[in-house]
>>> print(open('input.json').read())   # JSON, C-alpha atoms
[["chain", "number", "residue", "atom", "x", "y", "z"],
["A", 129, "LEU", "CA", 0.43, 13.47, -36.29],
["A", 130, "ASP", "CA", 0.88, 17.22, -36.77],
["A", 131, "LEU", "CA", 0.19, 16.86, -40.51],
["A", 132, "PHE", "CA", -2.75, 14.53, -39.84],
["A", 133, "GLU", "CA", -4.34, 17.15, -37.58],
["A", 134, "ILE", "CA", -4.33, 19.98, -40.10],
["A", 135, "THR", "CA", -5.09, 17.76, -43.12],
["A", 136, "TYR", "CA", -8.15, 15.88, -41.86],
["A", 137, "PHE", "CA", -9.50, 18.23, -39.18],
["A", 138, "PRO", "CA", -9.19, 21.79, -40.55],
["A", 139, "SER", "CA", -12.20, 23.01, -38.57],
["A", 140, "ARG", "CA", -10.67, 21.78, -35.32],
["A", 141, "PHE", "CA", -7.23, 23.24, -36.13],
["A", 142, "PRO", "CA", -8.13, 26.52, -37.91],
["A", 143, "LEU", "CA", -5.02, 28.41, -36.79],
["A", 144, "LYS", "CA", -1.38, 27.70, -37.50],
["A", 145, "GLY", "CA", 0.11, 25.86, -34.54],
["A", 146, "ALA", "CA", 2.93, 27.34, -32.52],
["A", 147, "ASP", "CA", 6.12, 25.48, -31.64],
["A", 148, "VAL", "CA", 4.56, 24.42, -28.33],
["A", 149, "HIS", "CA", 1.66, 22.74, -30.16],
["A", 150, "ARG", "CA", 4.01, 20.95, -32.55],
["A", 151, "ASN", "CA", 6.03, 19.82, -29.54],
["A", 152, "VAL", "CA", 2.95, 18.19, -27.99],
["A", 153, "SER", "CA", 2.09, 16.39, -31.24],
["A", 154, "GLY", "CA", 5.69, 15.32, -31.67],
["A", 155, "ARG", "CA", 5.87, 13.97, -28.13],
["A", 156, "ILE", "CA", 2.70, 11.93, -28.55],
["A", 157, "GLN", "CA", 3.90, 10.62, -31.92],
["A", 158, "ALA", "CA", 7.30, 9.59, -30.56],
["A", 159, "SER", "CA", 5.68, 7.65, -27.72],
["A", 160, "VAL", "CA", 3.14, 5.97, -30.01],
["A", 161, "LEU", "CA", 5.79, 4.81, -32.47],
["A", 162, "ASP", "CA", 8.24, 3.64, -29.80],
["A", 163, "LYS", "CA", 7.14, 0.05, -29.19],
["A", 164, "GLU", "CA", 10.44, -1.25, -27.80],
["A", 165, "SER", "CA", 11.06, 0.84, -24.66],
["A", 166, "ASP", "CA", 10.04, -0.46, -21.25],
["A", 167, "ASP", "CA", 9.91, 3.07, -19.81],
["A", 168, "ASN", "CA", 7.72, 4.84, -22.37],
["A", 169, "LEU", "CA", 5.96, 7.19, -19.94],
["A", 170, "PHE", "CA", 5.82, 10.94, -20.50],
["A", 171, "ALA", "CA", 4.10, 13.77, -18.60],
["A", 172, "LEU", "CA", 3.72, 17.05, -20.46],
["A", 173, "GLY", "CA", 2.65, 20.18, -18.62],
["A", 174, "PHE", "CA", 0.69, 22.33, -21.05],
["A", 175, "MET", "CA", -1.28, 25.58, -20.75],
["A", 176, "ARG", "CA", -5.01, 25.59, -20.10],
["A", 177, "GLY", "CA", -6.96, 26.39, -23.25],
["A", 178, "GLY", "CA", -4.11, 25.19, -25.44],
["A", 179, "GLY", "CA", -6.10, 22.45, -27.15],
["A", 180, "LYS", "CA", -5.08, 19.37, -25.14],
["A", 181, "THR", "CA", -8.42, 17.60, -25.49],
["A", 182, "THR", "CA", -8.69, 18.28, -29.23],
["A", 183, "LYS", "CA", -5.18, 16.93, -29.74],
["A", 184, "ALA", "CA", -5.90, 13.90, -27.58],
["A", 185, "GLU", "CA", -9.10, 13.00, -29.45],
["A", 186, "VAL", "CA", -7.43, 13.32, -32.86],
["A", 187, "ALA", "CA", -4.33, 11.48, -31.67],
["A", 188, "VAL", "CA", -6.24, 8.31, -30.76],
["A", 189, "ILE", "CA", -7.87, 8.37, -34.20],
["A", 190, "TRP", "CA", -4.45, 8.80, -35.85],
["A", 191, "MET", "CA", -2.72, 6.01, -33.96],
["A", 192, "THR", "CA", -5.51, 3.51, -34.70],
["A", 193, "VAL", "CA", -6.37, 4.21, -38.36],
["A", 194, "TYR", "CA", -2.69, 3.88, -39.33],
["A", 195, "GLY", "CA", -2.35, 0.71, -37.26],
["A", 196, "HIS", "CA", 0.32, 2.18, -34.98],
["A", 197, "ARG", "CA", -1.58, 0.93, -31.93],
["A", 198, "ARG", "CA", -4.29, -1.68, -31.70],
["A", 199, "PHE", "CA", -6.10, -0.59, -28.54],
["A", 200, "ALA", "CA", -5.89, 3.11, -27.69],
["A", 201, "LEU", "CA", -7.35, 4.28, -24.40],
["A", 202, "LEU", "CA", -8.19, 7.94, -23.74],
["A", 203, "VAL", "CA", -8.68, 8.77, -20.06],
["A", 204, "GLN", "CA", -10.58, 11.91, -19.06],
["A", 205, "ALA", "CA", -11.11, 13.65, -15.70],
["A", 206, "THR", "CA", -14.78, 12.59, -15.42],
["A", 207, "GLN", "CA", -17.18, 10.16, -17.07],
["A", 208, "PRO", "CA", -19.28, 12.96, -18.66],
["A", 209, "LEU", "CA", -16.12, 14.38, -20.26],
["A", 210, "ALA", "CA", -15.23, 10.87, -21.47],
["A", 211, "ALA", "CA", -18.70, 10.46, -23.02],
["A", 212, "ARG", "CA", -18.34, 13.84, -24.73],
["A", 213, "SER", "CA", -14.94, 12.92, -26.21],
["A", 214, "LEU", "CA", -16.20, 9.55, -27.42],
["A", 215, "LYS", "CA", -19.18, 11.23, -29.10],
["A", 216, "LYS", "CA", -16.86, 13.63, -30.96],
["A", 217, "ILE", "CA", -14.60, 10.78, -32.06],
["A", 218, "ARG", "CA", -17.59, 8.76, -33.28],
["A", 219, "GLN", "CA", -18.93, 11.77, -35.17],
["A", 220, "GLU", "CA", -15.62, 12.10, -37.02],
["A", 221, "PHE", "CA", -15.97, 8.52, -38.30],
["A", 222, "GLU", "CA", -19.62, 9.13, -39.19],
["A", 223, "GLY", "CA", -19.31, 12.53, -40.85],
["A", 224, "ASN", "CA", -15.74, 13.48, -41.78],
["A", 225, "GLU", "CA", -15.57, 13.33, -45.57],
["A", 226, "LEU", "CA", -11.79, 13.70, -45.62],
["A", 227, "LEU", "CA", -11.39, 10.59, -43.47],
["A", 228, "LEU", "CA", -13.82, 8.70, -45.71],
["A", 229, "GLU", "CA", -11.83, 9.65, -48.80],
["A", 230, "ASP", "CA", -8.50, 8.27, -47.55],
["A", 231, "PHE", "CA", -9.60, 5.63, -45.02],
["A", 232, "PRO", "CA", -12.68, 4.03, -46.66],
["A", 233, "GLU", "CA", -11.91, 0.60, -45.17],
["A", 234, "VAL", "CA", -12.49, 2.15, -41.73],
["A", 235, "VAL", "CA", -15.13, 4.78, -42.36],
["A", 236, "ALA", "CA", -17.41, 3.26, -45.02],
["A", 237, "PRO", "CA", -18.60, 0.29, -42.89],
["A", 238, "ILE", "CA", -19.32, 2.64, -39.97],
["A", 239, "ARG", "CA", -21.20, 5.03, -42.27],
["A", 240, "ALA", "CA", -23.25, 2.14, -43.64],
["A", 241, "LEU", "CA", -24.76, 1.61, -40.19],
["A", 242, "GLU", "CA", -26.45, 5.02, -40.55],
["A", 243, "ARG", "CA", -26.00, 5.62, -36.79],
["A", 244, "ILE", "CA", -28.13, 2.55, -36.00],
["A", 245, "HIS", "CA", -25.41, 0.72, -34.14],
["A", 246, "ASN", "CA", -27.19, -2.59, -33.58],
["A", 247, "ARG", "CA", -27.06, -3.13, -37.35],
["A", 248, "ALA", "CA", -23.38, -3.98, -36.85],
["A", 249, "ARG", "CA", -24.34, -7.48, -35.70],
["A", 250, "GLY", "CA", -25.35, -8.50, -39.21],
["A", 251, "GLN", "CA", -22.93, -6.42, -41.26],
["A", 252, "THR", "CA", -20.49, -8.28, -43.53],
["A", 253, "THR", "CA", -17.80, -7.35, -46.03],
["A", 254, "ASN", "CA", -18.21, -7.99, -49.76],
["A", 255, "GLU", "CA", -16.58, -11.37, -49.11],
["A", 256, "GLY", "CA", -19.29, -12.24, -46.59],
["A", 257, "GLU", "CA", -17.08, -11.93, -43.51],
["A", 258, "PRO", "CA", -18.49, -10.14, -40.43],
["A", 259, "THR", "CA", -17.04, -6.66, -39.84],
["A", 260, "ASN", "CA", -17.39, -7.10, -36.05],
["A", 261, "ILE", "CA", -17.90, -3.36, -35.50],
["A", 262, "GLU", "CA", -18.82, -2.42, -31.95],
["A", 263, "ILE", "CA", -20.02, 1.05, -30.97],
["A", 264, "THR", "CA", -20.88, 1.27, -27.29],
["A", 265, "ALA", "CA", -20.93, 3.79, -24.47],
["A", 266, "GLU", "CA", -17.30, 2.88, -23.73],
["A", 267, "GLY", "CA", -15.72, 2.87, -27.16],
["A", 268, "ILE", "CA", -15.50, 1.86, -30.80],
["A", 269, "VAL", "CA", -14.11, -1.34, -32.31],
["A", 270, "LEU", "CA", -13.16, -0.58, -35.90],
["A", 271, "PRO", "CA", -14.24, -2.91, -38.72],
["A", 272, "THR", "CA", -12.45, -6.18, -39.31],
["A", 273, "VAL", "CA", -11.40, -5.94, -42.96],
["A", 274, "GLU", "CA", -8.76, -8.11, -44.58],
["A", 275, "GLY", "CA", -5.72, -6.05, -45.56],
["A", 276, "SER", "CA", -6.65, -3.09, -43.35],
["A", 277, "ALA", "CA", -3.84, -1.78, -41.15],
["A", 278, "CYS", "CA", -6.31, -1.18, -38.34],
["A", 279, "SER", "CA", -8.54, -4.23, -38.75],
["A", 280, "GLY", "CA", -10.29, -4.84, -35.43],
["A", 281, "SER", "CA", -8.51, -2.02, -33.61],
["A", 282, "ALA", "CA", -10.25, -0.18, -30.80],
["A", 283, "ILE", "CA", -10.61, 3.25, -29.22],
["A", 284, "TYR", "CA", -12.02, 3.39, -25.71],
["A", 285, "VAL", "CA", -12.66, 6.51, -23.61],
["A", 286, "VAL", "CA", -13.19, 6.39, -19.83],
["A", 287, "GLY", "CA", -13.30, 8.71, -16.85],
["A", 288, "ILE", "CA", -10.38, 8.15, -14.51],
["A", 289, "THR", "CA", -12.60, 7.15, -11.59],
["A", 290, "GLY", "CA", -14.69, 4.84, -13.79],
["A", 291, "ALA", "CA", -14.14, 1.23, -14.86],
["A", 292, "VAL", "CA", -10.43, 1.43, -15.70],
["A", 293, "LYS", "CA", -9.02, -1.59, -13.88],
["A", 294, "GLY", "CA", -8.76, -4.76, -15.96],
["A", 295, "LEU", "CA", -10.09, -3.16, -19.13],
["A", 296, "SER", "CA", -9.94, -5.52, -22.14],
["A", 297, "MET", "CA", -11.92, -6.61, -25.18],
["A", 298, "SER", "CA", -12.40, -9.80, -27.17],
["A", 299, "ILE", "CA", -11.80, -9.86, -30.93],
["A", 300, "GLY", "CA", -12.41, -13.17, -32.65],
["A", 301, "GLY", "CA", -11.89, -15.00, -29.38],
["A", 302, "GLU", "CA", -8.61, -13.16, -28.69],
["A", 303, "VAL", "CA", -8.43, -11.06, -25.51],
["A", 304, "VAL", "CA", -6.85, -7.71, -26.35],
["A", 305, "ARG", "CA", -5.67, -5.19, -23.76],
["A", 306, "PRO", "CA", -4.81, -1.50, -24.17],
["A", 307, "ASP", "CA", -1.34, -0.90, -25.59],
["A", 308, "PHE", "CA", -1.36, 2.90, -25.38],
["A", 309, "VAL", "CA", -2.94, 5.29, -22.87],
["A", 310, "LEU", "CA", -3.43, 9.00, -23.40],
["A", 311, "LEU", "CA", -4.34, 10.77, -20.15],
["A", 312, "ASP", "CA", -6.05, 14.10, -20.78],
["A", 313, "ASP", "CA", -5.85, 16.43, -17.78],
["A", 314, "CYS", "CA", -7.29, 13.84, -15.40],
["A", 315, "GLN", "CA", -8.23, 16.23, -12.63],
["A", 316, "THR", "CA", -11.04, 18.66, -11.96],
["A", 317, "ARG", "CA", -10.65, 21.92, -10.06],
["A", 318, "GLU", "CA", -12.43, 20.24, -7.15],
["A", 319, "SER", "CA", -10.21, 17.15, -7.14],
["A", 320, "ALA", "CA", -7.07, 19.28, -7.52],
["A", 321, "LYS", "CA", -7.95, 21.06, -4.26],
["A", 322, "SER", "CA", -8.41, 17.79, -2.39],
["A", 323, "PRO", "CA", -5.30, 15.85, -1.25],
["A", 324, "THR", "CA", -7.48, 12.76, -0.80],
["A", 325, "GLN", "CA", -8.94, 12.88, -4.32],
["A", 326, "THR", "CA", -5.53, 13.68, -5.77],
["A", 327, "GLU", "CA", -3.95, 10.67, -4.06],
["A", 328, "GLU", "CA", -6.81, 8.46, -5.26],
["A", 329, "ARG", "CA", -6.31, 9.54, -8.89],
["A", 330, "GLU", "CA", -2.55, 9.16, -8.58],
["A", 331, "SER", "CA", -3.03, 5.59, -7.34],
["A", 332, "ILE", "CA", -5.43, 4.79, -10.19],
["A", 333, "ILE", "CA", -2.78, 5.86, -12.71],
["A", 334, "THR", "CA", 0.14, 4.05, -11.06],
["A", 335, "ASP", "CA", -1.69, 0.91, -9.90],
["A", 336, "ASP", "CA", -4.47, 0.43, -12.47],
["A", 337, "VAL", "CA", -3.74, 2.31, -15.70],
["A", 338, "LEU", "CA", -0.08, 1.31, -15.94],
["A", 339, "ASN", "CA", -0.98, -2.36, -15.44],
["A", 340, "LEU", "CA", -3.64, -2.50, -18.16],
["A", 341, "ALA", "CA", -1.37, -4.27, -20.64],
["A", 342, "GLY", "CA", -1.10, -7.29, -18.35],
["A", 343, "PRO", "CA", 1.21, -8.49, -15.57],
["A", 344, "ASP", "CA", 4.22, -9.19, -17.80],
["A", 345, "ARG", "CA", 3.97, -6.30, -20.24],
["A", 346, "SER", "CA", 4.69, -2.58, -19.97],
["A", 347, "ILE", "CA", 2.35, 0.02, -21.41],
["A", 348, "ALA", "CA", 3.09, 3.32, -23.12],
["A", 349, "ALA", "CA", 1.40, 6.42, -21.74],
["A", 350, "VAL", "CA", 1.39, 10.18, -22.28],
["A", 351, "PHE", "CA", -0.14, 12.45, -19.64],
["A", 352, "LEU", "CA", -1.21, 15.89, -20.94],
["A", 353, "CYS", "CA", -1.78, 18.02, -17.87],
["A", 354, "THR", "CA", -2.15, 21.54, -16.55],
["A", 355, "PRO", "CA", -1.09, 22.32, -12.96],
["A", 356, "ILE", "CA", -3.83, 24.16, -11.04],
["A", 357, "TYR", "CA", -2.70, 24.04, -7.42],
["A", 358, "VAL", "CA", 0.50, 23.17, -5.57],
["A", 359, "ASN", "CA", 0.85, 19.36, -5.18],
["A", 360, "ASP", "CA", -2.11, 18.60, -7.44],
["A", 361, "LEU", "CA", -2.15, 15.59, -9.77],
["A", 362, "ALA", "CA", -0.32, 17.37, -12.59],
["A", 363, "GLU", "CA", 2.40, 18.64, -10.25],
["A", 364, "LYS", "CA", 2.94, 15.15, -8.85],
["A", 365, "PHE", "CA", 3.58, 13.56, -12.24],
["A", 366, "LEU", "CA", 5.74, 16.46, -13.41],
["A", 367, "ASP", "CA", 7.90, 16.01, -10.29],
["A", 368, "LYS", "CA", 10.86, 13.82, -11.29],
["A", 369, "GLU", "CA", 11.67, 13.12, -7.64],
["A", 370, "ARG", "CA", 8.21, 11.74, -6.90],
["A", 371, "HIS", "CA", 7.78, 9.90, -10.22],
["A", 372, "PRO", "CA", 11.23, 9.30, -11.73],
["A", 373, "GLU", "CA", 9.73, 6.62, -14.00],
["A", 374, "TRP", "CA", 7.94, 9.40, -15.92],
["A", 375, "LYS", "CA", 9.90, 11.65, -18.23],
["A", 376, "SER", "CA", 8.45, 15.13, -17.89],
["A", 377, "GLN", "CA", 8.49, 18.50, -19.54],
["A", 378, "ARG", "CA", 6.79, 21.81, -18.80],
["A", 379, "THR", "CA", 5.71, 23.89, -21.76],
["A", 380, "PRO", "CA", 5.49, 27.63, -21.04],
["A", 381, "MET", "CA", 2.65, 29.79, -22.31],
["A", 382, "LEU", "CA", 5.19, 32.46, -23.27],
["A", 383, "THR", "CA", 8.47, 31.35, -24.80],
["A", 384, "SER", "CA", 9.98, 34.75, -23.91],
["A", 385, "MET", "CA", 8.83, 38.07, -22.48],
["A", 386, "PRO", "CA", 8.25, 41.05, -24.81],
["A", 387, "LYS", "CA", 11.28, 43.29, -25.30],
["A", 388, "ASN", "CA", 9.29, 46.50, -24.77],
["A", 389, "LEU", "CA", 7.26, 46.00, -21.59],
["A", 390, "LYS", "CA", 6.66, 49.74, -21.30],
["A", 391, "LEU", "CA", 4.32, 49.66, -24.31],
["A", 392, "TRP", "CA", 2.48, 46.67, -22.84],
["A", 393, "ASP", "CA", 2.08, 48.48, -19.50],
["A", 394, "GLU", "CA", 0.64, 51.49, -21.32],
["A", 395, "TYR", "CA", -1.71, 49.24, -23.30],
["A", 396, "GLY", "CA", -2.82, 47.49, -20.08],
["A", 397, "ASP", "CA", -3.59, 50.79, -18.33],
["A", 398, "MET", "CA", -5.55, 51.96, -21.37],
["A", 399, "ARG", "CA", -7.53, 48.71, -21.62],
["A", 400, "ARG", "CA", -8.42, 48.65, -17.91],
["A", 401, "ALA", "CA", -9.52, 52.31, -18.01],
["A", 402, "GLY", "CA", -11.77, 51.65, -21.00],
["A", 403, "LEU", "CA", -13.43, 48.66, -19.34],
["A", 404, "ARG", "CA", -13.79, 50.48, -16.02],
["A", 405, "ASP", "CA", -15.44, 53.52, -17.64],
["A", 406, "ASP", "CA", -17.73, 51.41, -19.88],
["A", 407, "ARG", "CA", -16.03, 52.72, -23.02],
["A", 408, "GLY", "CA", -14.83, 49.31, -24.14],
["A", 409, "THR", "CA", -11.37, 48.40, -25.44],
["A", 410, "GLY", "CA", -11.40, 50.47, -28.62],
["A", 411, "ASP", "CA", -8.63, 52.88, -27.56],
["A", 412, "ALA", "CA", -6.44, 50.01, -26.39],
["A", 413, "ASP", "CA", -7.11, 48.05, -29.60],
["A", 414, "GLU", "CA", -6.12, 51.07, -31.69],
["A", 415, "PHE", "CA", -2.96, 51.55, -29.62],
["A", 416, "TYR", "CA", -2.00, 47.89, -30.13],
["A", 417, "ALA", "CA", -2.68, 48.01, -33.87],
["A", 418, "LYS", "CA", -0.45, 51.08, -34.16],
["A", 419, "ASN", "CA", 2.40, 49.55, -32.13],
["A", 420, "ARG", "CA", 1.88, 45.88, -32.92],
["A", 421, "ALA", "CA", 5.25, 45.14, -34.58],
["A", 422, "GLU", "CA", 7.22, 46.48, -31.61],
["A", 423, "MET", "CA", 4.86, 44.99, -29.00],
["A", 424, "ASP", "CA", 4.95, 41.51, -30.59],
["A", 425, "THR", "CA", 8.75, 41.41, -30.63]]
>>> encode(input="input.json", output="structure tokens")
Amino acid sequence: LDLFEITYFPSRFPLKGADVHRNVSGRIQASVLDKESDDNLFALGFMRGGGKTTKAEVAVIWMTVYGHRRFALLVQATQPLAARSLKKIRQEFEGNELLLEDFPEVVAPIRALERIHNRARGQTTNEGEPTNIEITAEGIVLPTVEGSACSGSAIYVVGITGAVKGLSMSIGGEVVRPDFVLLDDCQTRESAKSPTQTEERESIITDDVLNLAGPDRSIAAVFLCTPIYVNDLAEKFLDKERHPEWKSQRTPMLTSMPKNLKLWDEYGDMRRAGLRDDRGTGDADEFYAKNRAEMDT
């Protein structure tokens, strides 16, 4: 997954990832590839602004185009955020030349629709078989192509308070349910403040999301989250006493404190003074450039 990110989405991953970013990708990959465990649930506390949503959107593409999972579900905090993520995922299939080059069996039929999605009803392969592509407000069903690892696979994106319960699709008369769920920071600042809204979202995850695979099957899930307030949704699923069924890990923003805090204090005083006196941060920037090696240690 880490290699997939930087190979096919260079504009979305322009900087070299840190160990914490590789850890997130590795955790998602391990859960996606583990199809035998009955307890494949993992909550990962990750810093705000660290790229959770970008990783989540690319991860559902990765797990479907390689055929690792047949029905990937991405759950967002709100329906507008879900619609935004789905649009970005769809645009990758419609415009990413790198994906077209290496996954033509997936991308070429979608490109041939020229963004007129109702054309999919009459689209066939060279052998005359229907591709059965579906592009809706809820998700994308990838083309049915003989020999394709992801033939008929699906990516759906929903808001957590939307139509999650009982989600399924029909492919060639077969009812298919989600087999992997990626939860992307499923709380807003407003909901995180509210015990009632937090409990409602917690119940949706435990009662609805984790039962999407069906009554006799377990489902794999990764929850990428950022704690905002004490006892919010993220804190609840990172608490091993409250949810022992979820493995959890907190990823710090700083792996260690700087060795020379005195220089950082001096830099901070200089930066604040420049901003307060409307002189900007030039003096502080120059100070950092001069002392960068020691300050970065």
>>> closest_atom_pairs(input="input.json", of="segment 228-335 of chain A", to="segment 351-358 of chain A", cutoff="8 Å", atoms="all atoms listed in the file", output="Markdown table")
| residue | atom | partner | partner_atom | distance |
| --- | --- | --- | --- | --- |
| A:Leu310 | CA | A:Phe351 | CA | 6.1 |
| A:Leu311 | CA | A:Phe351 | CA | 4.6 |
| A:Asp312 | CA | A:Leu352 | CA | 5.2 |
| A:Asp313 | CA | A:Cys353 | CA | 4.4 |
| A:Cys314 | CA | A:Cys353 | CA | 7.3 |
| A:Arg317 | CA | A:Ile356 | CA | 7.2 |
| A:Ala320 | CA | A:Tyr357 | CA | 6.5 |
| A:Lys321 | CA | A:Tyr357 | CA | 6.8 |
>>> atom_distance(input="input.json", atom1="atom CA of Arg197 of chain A", atom2="atom CA of Pro380 of chain A")
29.7 Å
>>> axis_aligned_box(input="input.json", around="segment 323-330 of chain A", padding_each_side="3 Å", output="lines of an AutoDock Vina configuration file")
center_x = -5.7
center_y = 12.2
center_z = -4.8
size_x = 12.4
size_y = 13.4
size_z = 14.1
>>> atom_distance(input="input.json", atom1="atom CA of Ala210 of chain A", atom2="atom CA of Ala291 of chain A")
11.7 Å
>>> atom_distance(input="input.json", atom1="atom CA of Leu161 of chain A", atom2="atom CA of Glu220 of chain A")
23.1 Å
>>> residues_around(input="input.json", residues="segment 329-343 of chain A", least_positions_apart="4", cutoff="9 Å", atoms="all atoms listed in the file", output="ChimeraX atom specification")
/A:288-289,292-296,304-309,314-315,319,324-325,347-349,361,364-365
>>> closest_residue(input="input.json", among="A:Leu382, A:Thr425, A:Ile217, A:Arg239", to="Ala187 of chain A", atoms="only C-alpha atoms")
A:Ile217
>>> residues_around(input="input.json", residues="Asp411 of chain A", least_positions_apart="5", cutoff="9 Å", atoms="all atoms listed in the file", output="list of chain:residue names")
A:Tyr395, A:Met398, A:Arg399, A:Gly402, A:Tyr416
>>> write_last_selection(input="input.json", atoms="C-alpha atoms", output="JSON list (two decimals), keeping the file's coordinate frame")
[["chain", "number", "residue", "atom", "x", "y", "z"],
["A", 395, "TYR", "CA", -1.71, 49.24, -23.30],
["A", 398, "MET", "CA", -5.55, 51.96, -21.37],
["A", 399, "ARG", "CA", -7.53, 48.71, -21.62],
["A", 402, "GLY", "CA", -11.77, 51.65, -21.00],
["A", 416, "TYR", "CA", -2.00, 47.89, -30.13]]
>>> residues_around(input="input.json", residues="Phe231 of chain A", least_positions_apart="5", cutoff="12 Å", atoms="all atoms listed in the file", output="MDAnalysis selection string")
chainID A and resid 136 189:190 192:195 220:221 224:226 236:239 270:271 273 276:279
>>> closest_residue(input="input.json", among="A:Ser322, A:Val285, A:Asn254, A:Leu391", to="Ala417 of chain A", atoms="all atoms listed in the file")
A:Leu391
>>> closest_residue(input="input.json", among="A:Pro323, A:Glu233, A:Gly173, A:Arg243", to="Thr259 of chain A", atoms="all atoms listed in the file")
A:Glu233
>>> residues_around(input="input.json", residues="Asp130 of chain A", least_positions_apart="2", cutoff="6 Å", atoms="only C-alpha atoms", output="PDB file with C-alpha atoms, in the coordinates of the input")
ATOM      1  CA  PHE A 132      -2.750  14.530 -39.840  1.00  0.00           C
ATOM      2  CA  GLU A 133      -4.340  17.150 -37.580  1.00  0.00           C
ATOM      3  CA  SER A 153       2.090  16.390 -31.240  1.00  0.00           C
TER       4      SER A 153
END
